[in-house]
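This is model28.cif. It holds mmCIF, C-alpha atoms.
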data_model
#
loop_
_atom_site.label_atom_id
_atom_site.label_comp_id
_atom_site.auth_asym_id
_atom_site.auth_seq_id
_atom_site.Cartn_x
_atom_site.Cartn_y
_atom_site.Cartn_z
CA MET D 1 -46.07 14.80 35.13
CA GLN D 2 -42.30 14.59 34.76
CA GLU D 3 -39.43 16.98 34.04
CA LEU D 4 -40.86 20.06 35.77
CA LYS D 5 -37.45 21.81 35.64
CA GLY D 6 -38.09 24.29 38.44
CA THR D 7 -38.77 24.79 42.13
CA GLU D 8 -42.06 26.66 41.73
CA PHE D 9 -45.23 24.64 41.15
CA PRO D 10 -48.67 26.31 40.72
CA ALA D 11 -50.45 24.16 43.30
CA GLY D 12 -52.94 26.95 43.95
CA VAL D 13 -53.97 27.09 40.31
CA PHE D 14 -54.62 23.35 40.23
CA LYS D 15 -56.44 23.59 43.56
CA GLY D 16 -58.80 26.09 41.95
CA LEU D 17 -59.45 23.56 39.20
CA GLY D 18 -60.32 20.89 41.75
CA TYR D 19 -57.01 19.01 41.96
CA GLU D 20 -54.89 18.16 44.95
CA SER D 21 -51.21 17.95 44.14
CA ALA D 22 -47.95 16.46 45.37
CA THR D 23 -44.56 17.39 43.97
CA VAL D 24 -40.83 16.94 44.33
CA THR D 25 -38.88 19.71 42.61
CA GLN D 26 -35.34 20.72 41.75
CA LYS D 27 -33.91 23.95 40.34
CA ALA D 28 -33.58 23.78 36.53
CA TYR D 29 -33.65 19.98 36.34
CA ASN D 30 -35.88 16.92 36.80
CA GLY D 31 -38.97 17.21 39.04
CA VAL D 32 -42.20 15.18 39.11
CA ALA D 33 -45.79 15.92 40.17
CA CYS D 34 -49.07 14.10 40.76
CA LEU D 35 -52.54 15.65 40.51
CA SER D 36 -55.71 14.10 41.88
CA ARG D 37 -59.38 14.94 42.19
CA LEU D 38 -59.48 12.50 45.12
CA PRO D 39 -57.67 12.82 48.48
CA LEU D 40 -53.95 12.27 47.97
CA GLN D 41 -51.43 11.07 50.54
CA LYS D 42 -47.75 11.76 49.88
CA ILE D 43 -45.62 8.82 51.05
CA SER D 44 -42.08 9.40 49.78
CA VAL D 45 -40.11 11.81 47.58
CA SER D 46 -36.90 9.78 47.24
CA LEU D 47 -35.94 6.36 45.99
CA ALA D 48 -34.34 4.20 48.68
CA GLY D 49 -30.77 3.00 48.38
CA ASP D 50 -28.68 6.17 48.06
CA GLU D 51 -29.00 8.88 50.68
CA MET D 52 -26.66 11.14 48.68
CA ASP D 53 -28.90 11.19 45.60
CA SER D 54 -30.59 14.61 45.54
CA HIS D 55 -32.22 14.35 42.11
CA ALA D 56 -35.99 14.99 42.06
CA ARG D 57 -36.96 11.84 40.16
CA PHE D 58 -39.28 9.86 42.43
CA LEU D 59 -42.66 10.47 44.05
CA GLU D 60 -44.81 7.89 45.84
CA VAL D 61 -48.42 8.71 46.70
CA VAL D 62 -51.57 6.80 47.62
CA ILE D 63 -54.87 7.66 45.94
CA ALA D 64 -58.04 5.63 46.48
CA ASP D 65 -56.06 2.79 48.07
CA VAL D 66 -53.72 2.52 45.08
CA ARG D 67 -49.99 3.17 45.38
CA ILE D 68 -48.99 5.43 42.49
CA VAL D 69 -45.26 5.86 41.93
CA ASN D 70 -44.19 8.62 39.55
CA ILE D 71 -40.66 8.30 38.16
CA TYR D 72 -38.36 10.23 35.86
CA LEU D 73 -35.65 7.68 35.25
CA PRO D 74 -32.18 9.03 34.30
CA ASN D 75 -31.45 9.40 30.61
CA GLY D 76 -27.93 8.01 30.88
CA ASN D 77 -26.29 9.61 27.87
CA PRO D 78 -23.56 9.51 26.85
CA ILE D 79 -22.70 5.82 27.23
CA GLY D 80 -19.51 5.08 29.12
CA THR D 81 -19.83 8.07 31.47
CA ASP D 82 -20.92 8.54 35.07
CA LYS D 83 -24.38 9.42 33.73
CA PHE D 84 -24.82 5.94 32.28
CA ALA D 85 -23.53 4.31 35.48
CA TYR D 86 -25.99 6.44 37.47
CA LYS D 87 -28.84 5.29 35.21
CA LEU D 88 -28.04 1.63 35.84
CA ALA D 89 -27.58 2.12 39.58
CA TRP D 90 -30.90 3.99 39.76
CA MET D 91 -32.63 1.13 37.95
CA ASP D 92 -31.10 -1.37 40.38
CA ARG D 93 -32.47 0.65 43.30
CA LEU D 94 -35.88 0.83 41.61
CA MET D 95 -35.86 -2.91 41.06
CA ALA D 96 -35.13 -3.55 44.73
CA GLN D 97 -38.04 -1.31 45.73
CA MET D 98 -40.44 -2.82 43.21
CA LYS D 99 -39.50 -6.29 44.41
CA ARG D 100 -40.73 -5.29 47.88
CA TRP D 101 -43.98 -3.93 46.46
CA VAL D 102 -44.85 -6.80 44.12
CA SER D 103 -46.19 -9.05 46.87
CA ASP D 104 -47.76 -6.17 48.80
CA ALA D 105 -51.53 -6.26 49.26
CA MET D 106 -51.76 -2.63 48.08
CA PRO D 107 -52.20 -2.39 44.28
CA THR D 108 -49.26 -0.55 42.74
CA VAL D 109 -48.59 1.27 39.49
CA VAL D 110 -45.11 2.59 38.69
CA ALA D 111 -45.53 5.19 35.97
CA GLY D 112 -43.58 7.83 34.15
CA ASP D 113 -40.67 8.48 31.83
CA TYR D 114 -38.52 5.34 32.06
CA ASN D 115 -36.06 6.49 29.38
CA VAL D 116 -35.91 2.87 28.21
CA ILE D 117 -36.94 1.50 24.81
CA PRO D 118 -38.01 -2.00 25.88
CA GLU D 119 -38.06 -3.83 22.53
CA ASP D 120 -37.16 -3.20 18.90
CA ILE D 121 -40.83 -2.63 18.01
CA ASP D 122 -40.84 0.29 20.45
CA CYS D 123 -38.83 2.48 18.08
CA HIS D 124 -39.21 3.43 14.43
CA LYS D 125 -35.68 2.38 13.38
CA PRO D 126 -33.57 0.38 15.87
CA ALA D 127 -30.37 1.09 13.95
CA SER D 128 -30.76 4.78 14.77
CA TRP D 129 -30.63 4.05 18.51
CA LEU D 130 -27.81 1.53 18.74
CA HIS D 131 -25.48 4.02 20.41
CA ASP D 132 -28.05 5.68 22.67
CA ALA D 133 -28.33 4.91 26.39
CA LEU D 134 -32.09 4.31 26.07
CA PHE D 135 -31.46 1.30 23.80
CA GLN D 136 -28.48 -0.37 25.46
CA PRO D 137 -28.69 -4.02 26.57
CA GLU D 138 -28.14 -3.19 30.26
CA PRO D 139 -31.17 -0.92 30.84
CA ARG D 140 -33.36 -3.00 28.54
CA GLU D 141 -32.50 -6.15 30.48
CA ARG D 142 -33.27 -4.39 33.77
CA TYR D 143 -36.66 -3.37 32.36
CA ARG D 144 -37.35 -7.00 31.46
CA GLU D 145 -36.35 -8.03 34.98
CA LEU D 146 -39.11 -5.76 36.33
CA LEU D 147 -41.59 -7.70 34.20
CA LYS D 148 -40.15 -10.98 35.44
CA LEU D 149 -40.86 -9.83 39.00
CA GLY D 150 -44.55 -9.94 38.08
CA TYR D 151 -45.24 -6.42 36.77
CA THR D 152 -47.14 -5.88 33.53
CA ASP D 153 -46.42 -3.26 30.87
CA ALA D 154 -50.00 -2.01 30.57
CA PHE D 155 -49.76 -0.64 27.05
CA ARG D 156 -47.89 -3.55 25.52
CA SER D 157 -50.15 -6.12 27.19
CA LEU D 158 -53.14 -4.60 25.39
CA HIS D 159 -51.33 -3.93 22.10
CA PRO D 160 -49.04 -6.94 21.64
CA LYS D 161 -46.67 -6.90 18.66
CA GLN D 162 -48.25 -3.71 17.31
CA THR D 163 -45.70 -1.35 15.78
CA GLY D 164 -45.79 2.42 15.34
CA HIS D 165 -46.94 3.29 18.87
CA PHE D 166 -44.62 5.90 20.41
CA THR D 167 -44.64 8.45 23.25
CA PHE D 168 -41.64 10.56 22.21
CA TRP D 169 -40.55 12.20 18.96
CA ASP D 170 -37.60 14.59 18.78
CA TYR D 171 -37.91 18.01 17.18
CA PHE D 172 -35.65 17.32 14.22
CA ARG D 173 -36.24 16.10 10.63
CA GLN D 174 -40.03 16.12 11.06
CA SER D 175 -39.85 13.10 13.34
CA PHE D 176 -43.42 13.47 14.55
CA GLU D 177 -44.88 14.08 11.10
CA HIS D 178 -43.22 10.87 9.85
CA ASN D 179 -43.88 8.98 13.11
CA ARG D 180 -40.19 8.35 13.75
CA GLY D 181 -40.54 7.97 17.49
CA ILE D 182 -39.85 5.79 20.51
CA ARG D 183 -41.98 4.39 23.33
CA ILE D 184 -40.30 5.30 26.62
CA ASP D 185 -43.22 6.31 28.90
CA HIS D 186 -44.74 3.32 30.64
CA PHE D 187 -47.24 2.10 33.23
CA LEU D 188 -46.08 -1.02 35.06
CA LEU D 189 -48.87 -2.68 37.08
CA SER D 190 -48.42 -5.01 40.04
CA PRO D 191 -50.33 -8.33 40.02
CA ALA D 192 -52.83 -6.90 42.52
CA LEU D 193 -53.78 -4.20 39.98
CA LEU D 194 -53.65 -6.14 36.73
CA GLY D 195 -57.24 -7.41 36.99
CA ARG D 196 -58.48 -3.81 36.93
CA LEU D 197 -56.73 -2.89 33.66
CA GLN D 198 -59.30 -1.61 31.19
CA ALA D 199 -57.41 0.51 28.66
CA CYS D 200 -54.05 2.13 27.97
CA VAL D 201 -53.68 4.55 25.08
CA ILE D 202 -51.27 7.20 23.81
CA ASP D 203 -52.81 10.61 23.11
CA ARG D 204 -50.82 12.01 20.18
CA SER D 205 -52.90 15.19 19.81
CA PRO D 206 -50.93 17.46 22.20
CA ARG D 207 -47.71 16.63 20.34
CA ALA D 208 -49.24 18.08 17.17
CA GLN D 209 -49.92 21.48 18.77
CA PRO D 210 -47.63 24.51 18.37
CA LYS D 211 -44.56 24.45 20.65
CA PRO D 212 -45.39 21.05 22.16
CA SER D 213 -43.53 18.83 24.57
CA ASP D 214 -41.52 16.17 22.75
CA HIS D 215 -43.51 13.59 24.78
CA ALA D 216 -47.18 12.71 24.32
CA PRO D 217 -49.47 11.80 27.24
CA ILE D 218 -50.09 8.12 27.91
CA ILE D 219 -53.41 7.33 29.61
CA LEU D 220 -54.21 4.35 31.81
CA THR D 221 -57.82 3.45 32.64
CA LEU D 222 -58.59 1.14 35.57
CA ARG D 223 -61.90 -0.42 36.55
#

Written form, structure tokens:
Amino acid sequence: MQELKGTEFPAGVFKGLGYESATVTQKAYNGVACLSRLPLQKISVSLAGDEMDSHARFLEVVIADVRIVNIYLPNGNPIGTDKFAYKLAWMDRLMAQMKRWVSDAMPTVVAGDYNVIPEDIDCHKPASWLHDALFQPEPRERYRELLKLGYTDAFRSLHPKQTGHFTFWDYFRQSFEHNRGIRIDHFLLSPALLGRLQACVIDRSPRAQPKPSDHAPIILTLR
């Protein structure tokens, strides 16, 4: 889970439902959490490379001998501001860390809200996003560099060239009803995990409920 937007997390409630949890939180902004029915080991709550960065955007855990990294990558809007520069710097730090993991014996999945539209087919109308930070050449190229390191976009690898698959729809102009969305939530798998990829699907049903999140869950299944 990403974008918790608070310092309080109901770990006890999830414990009662049979889930262990790990979180990194921040007042009013950001925040990520992992839940697991299996034993969970928290490894890190900050992305290496900037000791002054206090944003709650990164959580590394190990579950069943798999490294699971939960990220909430900066949005970066508006372009040309410190927010966009922070987005690119954060992606550079992530790339450096993922480069260290790619040859690691431990299988790794880096998952979450990347706030990057990788390709034109990952949005309903590219022209509508030309001036948005999520669609700029710099973050998109950095995303491609992660794939060049050896990581696999789980969803796209199983649904190549298929259009109309999105994880986010804004609340305006009936975007969800007309499927005017973008795909910005991703699972990137290391080579050591790729052979276990079984399925990756987007569950649109929660987005259709009253007062929903503007994101829909994306589900990865591993053998």

Per residue of range 24-51 of chain D within 12 Å of range 71-91 of chain D, which atom pair is closest and at what distance in Å (one decimal), using only C-alpha atoms, listed by chain and increasing number, as CSV?
residue,atom,partner,partner_atom,distance
D:Val24,CA,D:Ile71,CA,10.6
D:Thr25,CA,D:Tyr72,CA,11.6
D:Tyr29,CA,D:Tyr72,CA,10.8
D:Asn30,CA,D:Tyr72,CA,7.2
D:Gly31,CA,D:Tyr72,CA,7.7
D:Val32,CA,D:Tyr72,CA,7.1
D:Ala33,CA,D:Ile71,CA,9.4
D:Cys34,CA,D:Ile71,CA,10.5
D:Ser44,CA,D:Ile71,CA,11.8
D:Val45,CA,D:Ile71,CA,10.1
D:Ser46,CA,D:Ile71,CA,9.9
D:Leu47,CA,D:Trp90,CA,8.4
D:Ala48,CA,D:Trp90,CA,9.6
D:Gly49,CA,D:Trp90,CA,8.7
D:Asp50,CA,D:Trp90,CA,8.9

- Task: Carefully work through the PyMOL selection byres ((chain D and resi 37) around 8) for this structure and note down the residues it includes, as number ranges by chain.
- Result: D: 18-20, 35-36, 38-39

- Message: Running the PyMOL selection byres ((chain D and resi 157-168) around 10) on this model by hand, what would come out? Give it as a ChimeraX atom specification.
- Response: /D:113,115,117,119-124,152-156,169-171,175-176,179-186,197-204,207,213-218

- Hey, can you check how far CA of Thr23 in chain D sits from CA of Arg57 in chain D? 10.2 Å

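In this model, the gap between CA of Leu189 in chain D and CA of Leu147 in chain D comes to 9.3 Å.
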
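Between CA of Pro118 in chain D and CA of Leu194 in chain D lies a distance of 19.5 Å.
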
Take range 153-181 of chain D, bring it up to N, CA and C atoms, and give me the output as a PDB file, in the coordinates of the input.
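Result file selection-v6.pdb:
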ATOM      1  N   ASP D 153     -46.447  -4.474  31.698  1.00  0.00           N
ATOM      2  CA  ASP D 153     -46.420  -3.260  30.870  1.00  0.00           C
ATOM      3  C   ASP D 153     -47.829  -3.084  30.320  1.00  0.00           C
ATOM      4  N   ALA D 154     -48.572  -2.131  30.873  1.00  0.00           N
ATOM      5  CA  ALA D 154     -50.000  -2.010  30.570  1.00  0.00           C
ATOM      6  C   ALA D 154     -50.256  -1.809  29.085  1.00  0.00           C
ATOM      7  N   PHE D 155     -49.515  -0.917  28.472  1.00  0.00           N
ATOM      8  CA  PHE D 155     -49.760  -0.640  27.050  1.00  0.00           C
ATOM      9  C   PHE D 155     -49.453  -1.847  26.188  1.00  0.00           C
ATOM     10  N   ARG D 156     -48.290  -2.447  26.390  1.00  0.00           N
ATOM     11  CA  ARG D 156     -47.890  -3.550  25.520  1.00  0.00           C
ATOM     12  C   ARG D 156     -48.771  -4.773  25.722  1.00  0.00           C
ATOM     13  N   SER D 157     -49.285  -4.964  26.945  1.00  0.00           N
ATOM     14  CA  SER D 157     -50.150  -6.120  27.190  1.00  0.00           C
ATOM     15  C   SER D 157     -51.448  -6.028  26.404  1.00  0.00           C
ATOM     16  N   LEU D 158     -51.900  -4.799  26.128  1.00  0.00           N
ATOM     17  CA  LEU D 158     -53.140  -4.600  25.390  1.00  0.00           C
ATOM     18  C   LEU D 158     -52.909  -4.422  23.891  1.00  0.00           C
ATOM     19  N   HIS D 159     -51.666  -4.164  23.506  1.00  0.00           N
ATOM     20  CA  HIS D 159     -51.330  -3.930  22.100  1.00  0.00           C
ATOM     21  C   HIS D 159     -50.117  -4.783  21.720  1.00  0.00           C
ATOM     22  N   PRO D 160     -50.202  -6.087  21.882  1.00  0.00           N
ATOM     23  CA  PRO D 160     -49.040  -6.940  21.640  1.00  0.00           C
ATOM     24  C   PRO D 160     -48.607  -6.925  20.174  1.00  0.00           C
ATOM     25  N   LYS D 161     -47.300  -6.812  19.993  1.00  0.00           N
ATOM     26  CA  LYS D 161     -46.670  -6.900  18.660  1.00  0.00           C
ATOM     27  C   LYS D 161     -47.103  -5.808  17.692  1.00  0.00           C
ATOM     28  N   GLN D 162     -47.843  -4.806  18.184  1.00  0.00           N
ATOM     29  CA  GLN D 162     -48.250  -3.710  17.310  1.00  0.00           C
ATOM     30  C   GLN D 162     -47.136  -2.682  17.209  1.00  0.00           C
ATOM     31  N   THR D 163     -46.766  -2.311  16.007  1.00  0.00           N
ATOM     32  CA  THR D 163     -45.700  -1.350  15.780  1.00  0.00           C
ATOM     33  C   THR D 163     -46.275   0.057  15.598  1.00  0.00           C
ATOM     34  N   GLY D 164     -45.399   1.040  15.628  1.00  0.00           N
ATOM     35  CA  GLY D 164     -45.790   2.420  15.340  1.00  0.00           C
ATOM     36  C   GLY D 164     -46.419   3.173  16.479  1.00  0.00           C
ATOM     37  N   HIS D 165     -46.369   2.616  17.702  1.00  0.00           N
ATOM     38  CA  HIS D 165     -46.940   3.290  18.870  1.00  0.00           C
ATOM     39  C   HIS D 165     -45.797   3.893  19.707  1.00  0.00           C
ATOM     40  N   PHE D 166     -45.732   5.212  19.744  1.00  0.00           N
ATOM     41  CA  PHE D 166     -44.620   5.900  20.410  1.00  0.00           C
ATOM     42  C   PHE D 166     -45.143   6.981  21.352  1.00  0.00           C
ATOM     43  N   THR D 167     -44.295   7.370  22.316  1.00  0.00           N
ATOM     44  CA  THR D 167     -44.640   8.450  23.250  1.00  0.00           C
ATOM     45  C   THR D 167     -43.693   9.634  23.149  1.00  0.00           C
ATOM     46  N   PHE D 168     -42.636   9.502  22.340  1.00  0.00           N
ATOM     47  CA  PHE D 168     -41.640  10.560  22.210  1.00  0.00           C
ATOM     48  C   PHE D 168     -41.177  10.662  20.764  1.00  0.00           C
ATOM     49  N   TRP D 169     -41.105  11.908  20.286  1.00  0.00           N
ATOM     50  CA  TRP D 169     -40.550  12.200  18.960  1.00  0.00           C
ATOM     51  C   TRP D 169     -39.661  13.436  19.128  1.00  0.00           C
ATOM     52  N   ASP D 170     -38.440  13.404  18.637  1.00  0.00           N
ATOM     53  CA  ASP D 170     -37.600  14.590  18.780  1.00  0.00           C
ATOM     54  C   ASP D 170     -38.072  15.678  17.825  1.00  0.00           C
ATOM     55  N   TYR D 171     -37.449  16.845  17.926  1.00  0.00           N
ATOM     56  CA  TYR D 171     -37.910  18.010  17.180  1.00  0.00           C
ATOM     57  C   TYR D 171     -37.264  18.137  15.806  1.00  0.00           C
ATOM     58  N   PHE D 172     -36.424  17.175  15.429  1.00  0.00           N
ATOM     59  CA  PHE D 172     -35.650  17.320  14.220  1.00  0.00           C
ATOM     60  C   PHE D 172     -36.190  16.434  13.087  1.00  0.00           C
ATOM     61  N   ARG D 173     -35.962  16.884  11.836  1.00  0.00           N
ATOM     62  CA  ARG D 173     -36.240  16.100  10.630  1.00  0.00           C
ATOM     63  C   ARG D 173     -37.692  15.605  10.590  1.00  0.00           C
ATOM     64  N   GLN D 174     -38.593  16.437  11.095  1.00  0.00           N
ATOM     65  CA  GLN D 174     -40.030  16.120  11.060  1.00  0.00           C
ATOM     66  C   GLN D 174     -40.314  14.711  11.607  1.00  0.00           C
ATOM     67  N   SER D 175     -39.711  14.432  12.739  1.00  0.00           N
ATOM     68  CA  SER D 175     -39.850  13.100  13.340  1.00  0.00           C
ATOM     69  C   SER D 175     -41.297  12.770  13.658  1.00  0.00           C
ATOM     70  N   PHE D 176     -42.031  13.745  14.194  1.00  0.00           N
ATOM     71  CA  PHE D 176     -43.420  13.470  14.550  1.00  0.00           C
ATOM     72  C   PHE D 176     -44.274  13.286  13.296  1.00  0.00           C
ATOM     73  N   GLU D 177     -44.074  14.149  12.313  1.00  0.00           N
ATOM     74  CA  GLU D 177     -44.880  14.080  11.100  1.00  0.00           C
ATOM     75  C   GLU D 177     -44.695  12.731  10.379  1.00  0.00           C
ATOM     76  N   HIS D 178     -43.508  12.155  10.493  1.00  0.00           N
ATOM     77  CA  HIS D 178     -43.220  10.870   9.850  1.00  0.00           C
ATOM     78  C   HIS D 178     -43.300   9.696  10.832  1.00  0.00           C
ATOM     79  N   ASN D 179     -43.739   9.983  12.054  1.00  0.00           N
ATOM     80  CA  ASN D 179     -43.880   8.980  13.110  1.00  0.00           C
ATOM     81  C   ASN D 179     -42.586   8.199  13.353  1.00  0.00           C
ATOM     82  N   ARG D 180     -41.488   8.938  13.422  1.00  0.00           N
ATOM     83  CA  ARG D 180     -40.190   8.350  13.750  1.00  0.00           C
ATOM     84  C   ARG D 180     -39.943   8.578  15.239  1.00  0.00           C
ATOM     85  N   GLY D 181     -40.577   7.745  16.056  1.00  0.00           N
ATOM     86  CA  GLY D 181     -40.540   7.970  17.490  1.00  0.00           C
ATOM     87  C   GLY D 181     -40.060   6.764  18.265  1.00  0.00           C
TER      88      GLY D 181
END
